[in-house]
Amino acid sequence: MAWLRKNLAIDLGTTSVLVFTRADGVKLQEPSVVAIDIYTDEIVAVGEEAKKMLGRTPGNIVARRPMRDGVIADYRSTERMLSYFLRKTMGRSLLRPDVIVCVPSQATQVQKRAVIQAAEAAGAHHTYIIEEPLAAAIGAGVDIADPSGNLVVDIGGGTTDVALISMGGIVISESIRIAGDEFDEAIAQYIRRKHRVVIGERTAEEIKIALGSVQRADAPDRVEVKGRNIADGLPSRVYLTADDLDEALAPHLEAIVDTVHRILAETPPELASDIYDKGILLTGGGSLVRGLDRKIRERTGVDVHYVDQPITAVVRGTGKALFWIRRLNAGDEVLSDATRQQIMNREVLRKR
């Protein structure tokens, strides 16, 4: 019966959850938000519907993000959210699926164990863990078994992972808690400080996408921002330009560039030459902020490339790792460097 069991890849992100299946590719992409009635402890909404409730709910309903900085902050809400997404993806199935979930490269063993327990409590049969930068590299089409070096900068909603990858493993990595959510907070604080107007996180995210996304060729010169005036408490509106956005995000972008610089400074000489030839790979939704690639290029002197479909690169790479499931032992919950190397060695022998 095991061969009938479905396998799923999950990108359990701070801002969104993506689910990948072999048959359908990226089958589900929804915000990682849960709305709960605190009187009855029942789920009111999950995903896109719950996100619309952020900042707009009555007193008895709380809309919250159960993930923070790429790891679980609210275990119970994460379990219920995962259970909902698994049911939505699987439909009616007698067999519980095997699941691979990606986590930040610097996640602790306790945090990894929490992800495994939450997924299995939500309905997974066996749960395996893979690091996000490694999954992003696989999703970008990088041959991770190759002995040459690849530098991946994965900027999600809660964390930025910078990792040097070679021979199927992570040589050096660093994870910082500056990413898409921090960008939104910086925009909100900038507007509050400069214009004395308070806005919500949804509005800040919309401003970031409208003015700062590299995917928008028709980006406007300025956008109208509506919020609450601090002075009198009345609704108010101001206008924000691309220059304002650059000023608001500058400290955070510099922190990411500093992290890339530190990783390059620790890179062995042979791998450094590989990176100079190949360039740096940018993945994740947070990497689409305009100007980041230019700042990295100016600081390091290395070319910077966006991968194809950066928002889904991590879950697609995790999906490509699904074939590892059948080659793993029951106790290999974490796809360690040694485990990956053993699997790749078997594949090389099989192809001879």
# chains A, B, ... in the order shown; residues from 1 in each chain; ligands from 1
$ residues_around --residues "Lys208 in chain A" --least-positions-apart "5" --cutoff "10 Å" --atoms "only C-alpha atoms" --output "PyMOL selection string"
chain A and resi 180+183-184+187+202-203+213+242+245+249+286+288-290
$ closest_atom_pairs --of "range 38-155 of chain A" --to "range 252-270 of chain A" --cutoff "12 Å" --atoms "only C-alpha atoms" --output "Markdown table"
| residue | atom | partner | partner_atom | distance |
| --- | --- | --- | --- | --- |
| A:Pro147 | CA | A:Glu270 | CA | 10.3 |
| A:Ser148 | CA | A:Glu270 | CA | 8.3 |
| A:Gly149 | CA | A:Glu270 | CA | 8.2 |
| A:Asn150 | CA | A:Thr267 | CA | 10.7 |
| A:Leu151 | CA | A:Leu264 | CA | 8.7 |
| A:Val152 | CA | A:Val260 | CA | 9.4 |
| A:Val153 | CA | A:Val260 | CA | 7.7 |
| A:Asp154 | CA | A:Ile256 | CA | 10.4 |
| A:Ile155 | CA | A:Ile256 | CA | 9.1 |
$ write_last_selection --atoms "all heavy atoms" --output "mmCIF file, in the first residue's frame"
data_model
loop_
_atom_site.group_PDB
_atom_site.id
_atom_site.type_symbol
_atom_site.label_atom_id
_atom_site.label_comp_id
_atom_site.auth_asym_id
_atom_site.auth_seq_id
_atom_site.Cartn_x
_atom_site.Cartn_y
_atom_site.Cartn_z
ATOM 1 N N PRO A 147 30.715 19.574 -7.537
ATOM 2 C CA PRO A 147 31.677 20.074 -6.543
ATOM 3 C C PRO A 147 31.945 21.569 -6.607
ATOM 4 O O PRO A 147 32.663 22.104 -5.774
ATOM 5 C CB PRO A 147 32.952 19.276 -6.858
ATOM 6 C CG PRO A 147 32.817 18.888 -8.295
ATOM 7 C CD PRO A 147 31.350 18.674 -8.520
ATOM 8 N N SER A 148 31.416 22.264 -7.593
ATOM 9 C CA SER A 148 31.620 23.711 -7.671
ATOM 10 C C SER A 148 30.678 24.432 -6.705
ATOM 11 O O SER A 148 29.691 23.871 -6.231
ATOM 12 C CB SER A 148 31.390 24.208 -9.103
ATOM 13 O OG SER A 148 30.041 24.021 -9.480
ATOM 14 N N GLY A 149 30.996 25.691 -6.405
ATOM 15 C CA GLY A 149 30.235 26.450 -5.425
ATOM 16 C C GLY A 149 29.104 27.255 -6.042
ATOM 17 O O GLY A 149 29.209 27.747 -7.166
ATOM 18 N N ASN A 150 28.008 27.392 -5.295
ATOM 19 C CA ASN A 150 26.874 28.226 -5.676
ATOM 20 C C ASN A 150 26.425 29.012 -4.455
ATOM 21 O O ASN A 150 26.253 28.429 -3.372
ATOM 22 C CB ASN A 150 25.709 27.372 -6.179
ATOM 23 C CG ASN A 150 26.027 26.628 -7.462
ATOM 24 O OD1 ASN A 150 25.908 27.167 -8.549
ATOM 25 N ND2 ASN A 150 26.451 25.368 -7.336
ATOM 26 N N LEU A 151 26.245 30.318 -4.619
ATOM 27 C CA LEU A 151 25.798 31.158 -3.513
ATOM 28 C C LEU A 151 24.344 31.544 -3.735
ATOM 29 O O LEU A 151 24.000 32.145 -4.757
ATOM 30 C CB LEU A 151 26.653 32.418 -3.395
ATOM 31 C CG LEU A 151 26.371 33.283 -2.152
ATOM 32 C CD1 LEU A 151 26.708 32.508 -0.873
ATOM 33 C CD2 LEU A 151 27.172 34.579 -2.192
ATOM 34 N N VAL A 152 23.487 31.176 -2.782
ATOM 35 C CA VAL A 152 22.049 31.422 -2.876
ATOM 36 C C VAL A 152 21.637 32.396 -1.786
ATOM 37 O O VAL A 152 21.997 32.227 -0.613
ATOM 38 C CB VAL A 152 21.252 30.110 -2.734
ATOM 39 C CG1 VAL A 152 19.749 30.385 -2.761
ATOM 40 C CG2 VAL A 152 21.627 29.129 -3.838
ATOM 41 N N VAL A 153 20.890 33.424 -2.181
ATOM 42 C CA VAL A 153 20.312 34.376 -1.227
ATOM 43 C C VAL A 153 18.800 34.229 -1.317
ATOM 44 O O VAL A 153 18.188 34.621 -2.306
ATOM 45 C CB VAL A 153 20.727 35.826 -1.548
ATOM 46 C CG1 VAL A 153 20.128 36.790 -0.521
ATOM 47 C CG2 VAL A 153 22.244 35.957 -1.572
ATOM 48 N N ASP A 154 18.203 33.614 -0.295
ATOM 49 C CA ASP A 154 16.764 33.353 -0.273
ATOM 50 C C ASP A 154 16.105 34.300 0.718
ATOM 51 O O ASP A 154 16.336 34.208 1.926
ATOM 52 C CB ASP A 154 16.504 31.898 0.116
ATOM 53 C CG ASP A 154 15.014 31.599 0.228
ATOM 54 O OD1 ASP A 154 14.256 32.035 -0.655
ATOM 55 O OD2 ASP A 154 14.605 30.948 1.216
ATOM 56 N N ILE A 155 15.277 35.216 0.209
ATOM 57 C CA ILE A 155 14.618 36.221 1.051
ATOM 58 C C ILE A 155 13.125 35.918 1.067
ATOM 59 O O ILE A 155 12.423 36.117 0.073
ATOM 60 C CB ILE A 155 14.869 37.643 0.529
ATOM 61 C CG1 ILE A 155 16.363 37.882 0.353
ATOM 62 C CG2 ILE A 155 14.276 38.678 1.491
ATOM 63 C CD1 ILE A 155 16.701 39.223 -0.262
#
$ closest_residue --among "A:Leu322, A:Arg222, A:Arg5, A:Lys27" --to "Ile129 in chain A" --atoms "only C-alpha atoms"
A:Leu322
$ residues_around --residues "range 37-49 of chain A" --least-positions-apart "4" --cutoff "8 Å" --atoms "only C-alpha atoms" --output "ChimeraX atom specification"
/A:30-33,53,60-62,81,84
$ closest_residue --among "A:Leu28, A:Val197, A:Val103, A:Ala119" --to "Lys88 in chain A" --atoms "only C-alpha atoms"
A:Leu28
$ closest_residue --among "A:Ile191, A:Val307, A:Leu234, A:Ile199" --to "Ala140 in chain A" --atoms "only C-alpha atoms"
A:Val307
$ closest_residue --among "A:Ala186, A:Met167, A:Val162, A:Ala35" --to "Glu132 in chain A" --atoms "only C-alpha atoms"
A:Val162
$ closest_residue --among "A:Ile311, A:Ala179, A:Ala272, A:Ala122" --to "Gln215 in chain A" --atoms "only C-alpha atoms"
A:Ile311
$ residues_around --residues "Ala23 in chain A" --least-positions-apart "4" --cutoff "12 Å" --atoms "only C-alpha atoms" --output "PyMOL selection string"
chain A and resi 6-9+19+27+89-90+319-320+322
$ write_last_selection --atoms "C-alpha atoms" --output "PDB file, in the first residue's frame"
ATOM      1  CA  LYS A   6       0.904  10.530  -1.974  1.00  0.00           C
ATOM      2  CA  ASN A   7       3.975  12.689  -1.332  1.00  0.00           C
ATOM      3  CA  LEU A   8       3.723  16.431  -0.737  1.00  0.00           C
ATOM      4  CA  ALA A   9       6.287  19.239  -0.534  1.00  0.00           C
ATOM      5  CA  VAL A  19       2.085  23.010  -1.426  1.00  0.00           C
ATOM      6  CA  LYS A  27      -1.182  23.150  -6.247  1.00  0.00           C
ATOM      7  CA  THR A  89      -4.745  19.552  -1.257  1.00  0.00           C
ATOM      8  CA  MET A  90      -5.497  15.855  -0.754  1.00  0.00           C
ATOM      9  CA  GLY A 319       9.103  19.087  -4.703  1.00  0.00           C
ATOM     10  CA  LYS A 320      12.085  17.813  -6.688  1.00  0.00           C
ATOM     11  CA  LEU A 322      10.252  14.176  -3.139  1.00  0.00           C
TER      12      LEU A 322
END
$ residues_around --residues "range 66-78 of chain A" --least-positions-apart "6" --cutoff "7 Å" --atoms "only C-alpha atoms" --output "PyMOL selection string"
chain A and resi 13-14+33-34+103-104+111+118+158-159+177
$ write_last_selection --atoms "all heavy atoms" --output "PDB file, in the first residue's frame"
ATOM      1  N   GLY A  13       5.971  29.010   5.037  1.00  0.00           N
ATOM      2  CA  GLY A  13       6.573  30.320   5.190  1.00  0.00           C
ATOM      3  C   GLY A  13       5.884  31.197   6.211  1.00  0.00           C
ATOM      4  O   GLY A  13       4.775  30.914   6.662  1.00  0.00           O
ATOM      5  N   THR A  14       6.542  32.293   6.557  1.00  0.00           N
ATOM      6  CA  THR A  14       5.986  33.237   7.515  1.00  0.00           C
ATOM      7  C   THR A  14       4.764  33.957   6.949  1.00  0.00           C
ATOM      8  O   THR A  14       3.799  34.215   7.669  1.00  0.00           O
ATOM      9  CB  THR A  14       7.053  34.274   7.908  1.00  0.00           C
ATOM     10  OG1 THR A  14       8.197  33.600   8.417  1.00  0.00           O
ATOM     11  CG2 THR A  14       6.522  35.232   8.964  1.00  0.00           C
ATOM     12  N   VAL A  33      -2.218  32.594   7.432  1.00  0.00           N
ATOM     13  CA  VAL A  33      -3.003  33.355   8.409  1.00  0.00           C
ATOM     14  C   VAL A  33      -4.177  32.489   8.862  1.00  0.00           C
ATOM     15  O   VAL A  33      -4.799  31.796   8.053  1.00  0.00           O
ATOM     16  CB  VAL A  33      -3.540  34.673   7.807  1.00  0.00           C
ATOM     17  CG1 VAL A  33      -4.279  35.486   8.870  1.00  0.00           C
ATOM     18  CG2 VAL A  33      -2.402  35.488   7.213  1.00  0.00           C
ATOM     19  N   VAL A  34      -4.468  32.542  10.150  1.00  0.00           N
ATOM     20  CA  VAL A  34      -5.576  31.790  10.722  1.00  0.00           C
ATOM     21  C   VAL A  34      -6.451  32.753  11.523  1.00  0.00           C
ATOM     22  O   VAL A  34      -5.928  33.559  12.304  1.00  0.00           O
ATOM     23  CB  VAL A  34      -5.082  30.658  11.648  1.00  0.00           C
ATOM     24  CG1 VAL A  34      -6.257  29.889  12.238  1.00  0.00           C
ATOM     25  CG2 VAL A  34      -4.165  29.714  10.893  1.00  0.00           C
ATOM     26  N   VAL A 103      12.766  24.458   6.046  1.00  0.00           N
ATOM     27  CA  VAL A 103      12.956  25.327   7.211  1.00  0.00           C
ATOM     28  C   VAL A 103      14.183  26.201   6.971  1.00  0.00           C
ATOM     29  O   VAL A 103      15.023  25.887   6.118  1.00  0.00           O
ATOM     30  CB  VAL A 103      13.164  24.509   8.507  1.00  0.00           C
ATOM     31  CG1 VAL A 103      11.939  23.700   8.840  1.00  0.00           C
ATOM     32  CG2 VAL A 103      14.396  23.609   8.390  1.00  0.00           C
ATOM     33  N   PRO A 104      14.331  27.320   7.697  1.00  0.00           N
ATOM     34  CA  PRO A 104      15.545  28.158   7.557  1.00  0.00           C
ATOM     35  C   PRO A 104      16.811  27.368   7.873  1.00  0.00           C
ATOM     36  O   PRO A 104      16.790  26.409   8.661  1.00  0.00           O
ATOM     37  CB  PRO A 104      15.317  29.278   8.584  1.00  0.00           C
ATOM     38  CG  PRO A 104      13.838  29.341   8.756  1.00  0.00           C
ATOM     39  CD  PRO A 104      13.348  27.934   8.605  1.00  0.00           C
ATOM     40  N   GLN A 111      13.274  23.658  16.942  1.00  0.00           N
ATOM     41  CA  GLN A 111      12.366  24.242  15.952  1.00  0.00           C
ATOM     42  C   GLN A 111      12.035  23.253  14.836  1.00  0.00           C
ATOM     43  O   GLN A 111      10.891  23.187  14.368  1.00  0.00           O
ATOM     44  CB  GLN A 111      12.999  25.514  15.378  1.00  0.00           C
ATOM     45  CG  GLN A 111      13.090  26.645  16.390  1.00  0.00           C
ATOM     46  CD  GLN A 111      13.995  27.777  15.946  1.00  0.00           C
ATOM     47  OE1 GLN A 111      14.845  27.607  15.059  1.00  0.00           O
ATOM     48  NE2 GLN A 111      13.839  28.948  16.543  1.00  0.00           N
ATOM     49  N   ALA A 118       4.115  19.165  14.318  1.00  0.00           N
ATOM     50  CA  ALA A 118       2.916  19.865  13.854  1.00  0.00           C
ATOM     51  C   ALA A 118       2.377  19.240  12.572  1.00  0.00           C
ATOM     52  O   ALA A 118       1.158  19.063  12.414  1.00  0.00           O
ATOM     53  CB  ALA A 118       3.228  21.341  13.636  1.00  0.00           C
ATOM     54  N   GLY A 158       9.918  35.962   6.588  1.00  0.00           N
ATOM     55  CA  GLY A 158      10.439  36.150   7.935  1.00  0.00           C
ATOM     56  C   GLY A 158      11.942  36.165   8.052  1.00  0.00           C
ATOM     57  O   GLY A 158      12.483  36.792   8.960  1.00  0.00           O
ATOM     58  N   THR A 159      12.640  35.462   7.148  1.00  0.00           N
ATOM     59  CA  THR A 159      14.096  35.377   7.254  1.00  0.00           C
ATOM     60  C   THR A 159      14.757  35.504   5.888  1.00  0.00           C
ATOM     61  O   THR A 159      14.156  35.217   4.860  1.00  0.00           O
ATOM     62  CB  THR A 159      14.539  34.025   7.869  1.00  0.00           C
ATOM     63  OG1 THR A 159      14.068  32.956   7.042  1.00  0.00           O
ATOM     64  CG2 THR A 159      14.026  33.862   9.276  1.00  0.00           C
ATOM     65  N   ARG A 177      16.969  37.785  10.556  1.00  0.00           N
ATOM     66  CA  ARG A 177      15.531  38.008  10.643  1.00  0.00           C
ATOM     67  C   ARG A 177      15.139  39.338  10.013  1.00  0.00           C
ATOM     68  O   ARG A 177      14.490  40.187  10.627  1.00  0.00           O
ATOM     69  CB  ARG A 177      15.079  37.942  12.096  1.00  0.00           C
ATOM     70  CG  ARG A 177      15.263  36.557  12.697  1.00  0.00           C
ATOM     71  CD  ARG A 177      14.852  36.496  14.145  1.00  0.00           C
ATOM     72  NE  ARG A 177      14.986  35.147  14.676  1.00  0.00           N
ATOM     73  CZ  ARG A 177      14.706  34.808  15.933  1.00  0.00           C
ATOM     74  NH1 ARG A 177      14.306  35.734  16.793  1.00  0.00           N
ATOM     75  NH2 ARG A 177      14.845  33.556  16.331  1.00  0.00           N
TER      76      ARG A 177
END
$ select_by_dssp --residues "range 138-246 of chain A" --states "alpha helix (DSSP H)" --output "VMD selection string"
chain A and resid 138 to 139 180 to 195 201 to 212 242 to 246
$ select_by_dssp --residues "range 5-34 of chain A" --states "strand (DSSP E or B)" --output "list in words"
Asn7, Leu8, Ala9, Ile10, Asp11, Leu12, Ser16, Val17, Leu18, Val19, Phe20, Thr21, Gly25, Val26, Lys27, Leu28, Gln29, Glu30, Pro31 and Val34 of chain A
$ write_last_selection --atoms "C-alpha atoms" --output "compact mmCIF listing (two decimals), in the first residue's frame"
# COMPACT_ATOMS: atom_id res chain seq x y z
CA ASN A 7 3.98 12.69 -1.33
CA LEU A 8 3.72 16.43 -0.74
CA ALA A 9 6.29 19.24 -0.53
CA ILE A 10 5.41 22.20 1.69
CA ASP A 11 7.00 25.62 1.93
CA LEU A 12 5.78 26.62 5.39
CA SER A 16 2.45 32.22 2.80
CA VAL A 17 2.18 28.44 2.53
CA LEU A 18 2.84 26.68 -0.78
CA VAL A 19 2.09 23.01 -1.43
CA PHE A 20 3.63 21.05 -4.30
CA THR A 21 2.52 17.68 -5.67
CA GLY A 25 3.12 21.10 -9.43
CA VAL A 26 2.38 24.08 -7.16
CA LYS A 27 -1.18 23.15 -6.25
CA LEU A 28 -1.80 25.60 -3.41
CA GLN A 29 -0.47 29.05 -2.51
CA GLU A 30 -2.23 30.88 0.31
CA PRO A 31 -1.32 33.31 3.11
CA VAL A 34 -5.58 31.79 10.72
$ residues_around --residues "range 275-279 of chain A" --least-positions-apart "6" --cutoff "6 Å" --atoms "only C-alpha atoms" --output "MDAnalysis selection string"
chainID A and resid 150 302:304
$ atom_distance --atom1 "CA of Gly168 in chain A" --atom2 "CA of Asp146 in chain A"
7.3 Å
$ atom_distance --atom1 "CA of Ala188 in chain A" --atom2 "CA of Arg56 in chain A"
17.4 Å
$ decode --residues "range 187-200 of chain A" --atoms "all heavy atoms" --output "PDB file, in the first residue's frame"
ATOM      1  N   ILE A 187       8.250  50.278   6.074  1.00  0.00           N
ATOM      2  CA  ILE A 187       7.419  51.209   5.298  1.00  0.00           C
ATOM      3  C   ILE A 187       6.395  51.876   6.201  1.00  0.00           C
ATOM      4  O   ILE A 187       6.192  53.097   6.145  1.00  0.00           O
ATOM      5  CB  ILE A 187       6.730  50.458   4.143  1.00  0.00           C
ATOM      6  CG1 ILE A 187       7.766  49.984   3.116  1.00  0.00           C
ATOM      7  CG2 ILE A 187       5.687  51.350   3.463  1.00  0.00           C
ATOM      8  CD1 ILE A 187       7.219  49.018   2.087  1.00  0.00           C
ATOM      9  N   ALA A 188       5.743  51.086   7.062  1.00  0.00           N
ATOM     10  CA  ALA A 188       4.742  51.643   7.976  1.00  0.00           C
ATOM     11  C   ALA A 188       5.366  52.653   8.941  1.00  0.00           C
ATOM     12  O   ALA A 188       4.792  53.728   9.202  1.00  0.00           O
ATOM     13  CB  ALA A 188       4.062  50.520   8.746  1.00  0.00           C
ATOM     14  N   GLN A 189       6.554  52.325   9.464  1.00  0.00           N
ATOM     15  CA  GLN A 189       7.225  53.233  10.390  1.00  0.00           C
ATOM     16  C   GLN A 189       7.681  54.515   9.693  1.00  0.00           C
ATOM     17  O   GLN A 189       7.629  55.603  10.289  1.00  0.00           O
ATOM     18  CB  GLN A 189       8.436  52.520  11.019  1.00  0.00           C
ATOM     19  CG  GLN A 189       8.076  51.408  11.982  1.00  0.00           C
ATOM     20  CD  GLN A 189       7.345  51.923  13.209  1.00  0.00           C
ATOM     21  OE1 GLN A 189       7.543  53.048  13.659  1.00  0.00           O
ATOM     22  NE2 GLN A 189       6.469  51.081  13.748  1.00  0.00           N
ATOM     23  N   TYR A 190       8.111  54.398   8.458  1.00  0.00           N
ATOM     24  CA  TYR A 190       8.539  55.570   7.694  1.00  0.00           C
ATOM     25  C   TYR A 190       7.377  56.538   7.487  1.00  0.00           C
ATOM     26  O   TYR A 190       7.527  57.763   7.678  1.00  0.00           O
ATOM     27  CB  TYR A 190       9.104  55.124   6.342  1.00  0.00           C
ATOM     28  CG  TYR A 190       9.537  56.258   5.439  1.00  0.00           C
ATOM     29  CD1 TYR A 190      10.793  56.837   5.564  1.00  0.00           C
ATOM     30  CD2 TYR A 190       8.674  56.756   4.456  1.00  0.00           C
ATOM     31  CE1 TYR A 190      11.189  57.881   4.743  1.00  0.00           C
ATOM     32  CE2 TYR A 190       9.060  57.793   3.626  1.00  0.00           C
ATOM     33  CZ  TYR A 190      10.316  58.352   3.769  1.00  0.00           C
ATOM     34  OH  TYR A 190      10.703  59.396   2.942  1.00  0.00           O
ATOM     35  N   ILE A 191       6.220  56.005   7.116  1.00  0.00           N
ATOM     36  CA  ILE A 191       5.043  56.853   6.889  1.00  0.00           C
ATOM     37  C   ILE A 191       4.584  57.485   8.204  1.00  0.00           C
ATOM     38  O   ILE A 191       4.191  58.657   8.240  1.00  0.00           O
ATOM     39  CB  ILE A 191       3.915  56.029   6.240  1.00  0.00           C
ATOM     40  CG1 ILE A 191       4.342  55.595   4.833  1.00  0.00           C
ATOM     41  CG2 ILE A 191       2.612  56.821   6.184  1.00  0.00           C
ATOM     42  CD1 ILE A 191       3.376  54.651   4.164  1.00  0.00           C
ATOM     43  N   ARG A 192       4.646  56.720   9.270  1.00  0.00           N
ATOM     44  CA  ARG A 192       4.268  57.253  10.576  1.00  0.00           C
ATOM     45  C   ARG A 192       5.210  58.378  10.996  1.00  0.00           C
ATOM     46  O   ARG A 192       4.769  59.419  11.520  1.00  0.00           O
ATOM     47  CB  ARG A 192       4.287  56.126  11.611  1.00  0.00           C
ATOM     48  CG  ARG A 192       3.869  56.559  13.010  1.00  0.00           C
ATOM     49  CD  ARG A 192       4.103  55.429  14.014  1.00  0.00           C
ATOM     50  NE  ARG A 192       3.685  55.832  15.334  1.00  0.00           N
ATOM     51  CZ  ARG A 192       2.544  55.481  15.912  1.00  0.00           C
ATOM     52  NH1 ARG A 192       1.693  54.699  15.253  1.00  0.00           N
ATOM     53  NH2 ARG A 192       2.233  55.893  17.127  1.00  0.00           N
ATOM     54  N   ARG A 193       6.502  58.178  10.752  1.00  0.00           N
ATOM     55  CA  ARG A 193       7.503  59.162  11.179  1.00  0.00           C
ATOM     56  C   ARG A 193       7.469  60.417  10.304  1.00  0.00           C
ATOM     57  O   ARG A 193       7.567  61.543  10.821  1.00  0.00           O
ATOM     58  CB  ARG A 193       8.886  58.512  11.128  1.00  0.00           C
ATOM     59  CG  ARG A 193      10.011  59.373  11.636  1.00  0.00           C
ATOM     60  CD  ARG A 193      11.316  58.591  11.688  1.00  0.00           C
ATOM     61  NE  ARG A 193      11.748  58.143  10.363  1.00  0.00           N
ATOM     62  CZ  ARG A 193      11.698  56.882   9.953  1.00  0.00           C
ATOM     63  NH1 ARG A 193      11.220  55.938  10.759  1.00  0.00           N
ATOM     64  NH2 ARG A 193      12.114  56.543   8.744  1.00  0.00           N
ATOM     65  N   LYS A 194       7.331  60.253   9.017  1.00  0.00           N
ATOM     66  CA  LYS A 194       7.426  61.390   8.100  1.00  0.00           C
ATOM     67  C   LYS A 194       6.094  62.115   7.908  1.00  0.00           C
ATOM     68  O   LYS A 194       6.051  63.352   7.846  1.00  0.00           O
ATOM     69  CB  LYS A 194       7.941  60.922   6.739  1.00  0.00           C
ATOM     70  CG  LYS A 194       8.142  62.051   5.745  1.00  0.00           C
ATOM     71  CD  LYS A 194       8.800  61.568   4.462  1.00  0.00           C
ATOM     72  CE  LYS A 194       9.009  62.723   3.482  1.00  0.00           C
ATOM     73  NZ  LYS A 194       9.677  62.264   2.232  1.00  0.00           N
ATOM     74  N   HIS A 195       5.005  61.340   7.836  1.00  0.00           N
ATOM     75  CA  HIS A 195       3.706  61.937   7.519  1.00  0.00           C
ATOM     76  C   HIS A 195       2.726  61.916   8.687  1.00  0.00           C
ATOM     77  O   HIS A 195       1.605  62.432   8.552  1.00  0.00           O
ATOM     78  CB  HIS A 195       3.074  61.219   6.320  1.00  0.00           C
ATOM     79  CG  HIS A 195       3.887  61.295   5.070  1.00  0.00           C
ATOM     80  ND1 HIS A 195       3.975  62.451   4.309  1.00  0.00           N
ATOM     81  CD2 HIS A 195       4.646  60.365   4.434  1.00  0.00           C
ATOM     82  CE1 HIS A 195       4.749  62.214   3.254  1.00  0.00           C
ATOM     83  NE2 HIS A 195       5.175  60.965   3.318  1.00  0.00           N
ATOM     84  N   ARG A 196       3.126  61.295   9.803  1.00  0.00           N
ATOM     85  CA  ARG A 196       2.258  61.211  10.990  1.00  0.00           C
ATOM     86  C   ARG A 196       0.942  60.505  10.676  1.00  0.00           C
ATOM     87  O   ARG A 196      -0.121  60.882  11.144  1.00  0.00           O
ATOM     88  CB  ARG A 196       1.980  62.613  11.558  1.00  0.00           C
ATOM     89  CG  ARG A 196       3.209  63.479  11.770  1.00  0.00           C
ATOM     90  CD  ARG A 196       4.117  62.878  12.819  1.00  0.00           C
ATOM     91  NE  ARG A 196       3.530  62.911  14.160  1.00  0.00           N
ATOM     92  CZ  ARG A 196       4.051  62.312  15.220  1.00  0.00           C
ATOM     93  NH1 ARG A 196       5.166  61.607  15.077  1.00  0.00           N
ATOM     94  NH2 ARG A 196       3.454  62.392  16.387  1.00  0.00           N
ATOM     95  N   VAL A 197       1.044  59.466   9.865  1.00  0.00           N
ATOM     96  CA  VAL A 197      -0.132  58.677   9.481  1.00  0.00           C
ATOM     97  C   VAL A 197       0.150  57.217   9.793  1.00  0.00           C
ATOM     98  O   VAL A 197       1.229  56.698   9.487  1.00  0.00           O
ATOM     99  CB  VAL A 197      -0.464  58.851   7.985  1.00  0.00           C
ATOM    100  CG1 VAL A 197      -1.546  57.867   7.537  1.00  0.00           C
ATOM    101  CG2 VAL A 197      -0.908  60.277   7.699  1.00  0.00           C
ATOM    102  N   VAL A 198      -0.818  56.540  10.404  1.00  0.00           N
ATOM    103  CA  VAL A 198      -0.688  55.133  10.765  1.00  0.00           C
ATOM    104  C   VAL A 198      -1.379  54.279   9.711  1.00  0.00           C
ATOM    105  O   VAL A 198      -2.532  54.540   9.343  1.00  0.00           O
ATOM    106  CB  VAL A 198      -1.310  54.847  12.148  1.00  0.00           C
ATOM    107  CG1 VAL A 198      -1.182  53.370  12.494  1.00  0.00           C
ATOM    108  CG2 VAL A 198      -0.661  55.709  13.212  1.00  0.00           C
ATOM    109  N   ILE A 199      -0.667  53.244   9.225  1.00  0.00           N
ATOM    110  CA  ILE A 199      -1.247  52.317   8.264  1.00  0.00           C
ATOM    111  C   ILE A 199      -1.081  50.886   8.773  1.00  0.00           C
ATOM    112  O   ILE A 199      -0.282  50.628   9.671  1.00  0.00           O
ATOM    113  CB  ILE A 199      -0.606  52.436   6.858  1.00  0.00           C
ATOM    114  CG1 ILE A 199       0.883  52.045   6.911  1.00  0.00           C
ATOM    115  CG2 ILE A 199      -0.782  53.838   6.298  1.00  0.00           C
ATOM    116  CD1 ILE A 199       1.539  51.934   5.549  1.00  0.00           C
ATOM    117  N   GLY A 200      -1.850  49.959   8.190  1.00  0.00           N
ATOM    118  CA  GLY A 200      -1.776  48.555   8.569  1.00  0.00           C
ATOM    119  C   GLY A 200      -0.757  47.801   7.732  1.00  0.00           C
ATOM    120  O   GLY A 200      -0.226  48.321   6.745  1.00  0.00           O
TER     121      GLY A 200
END
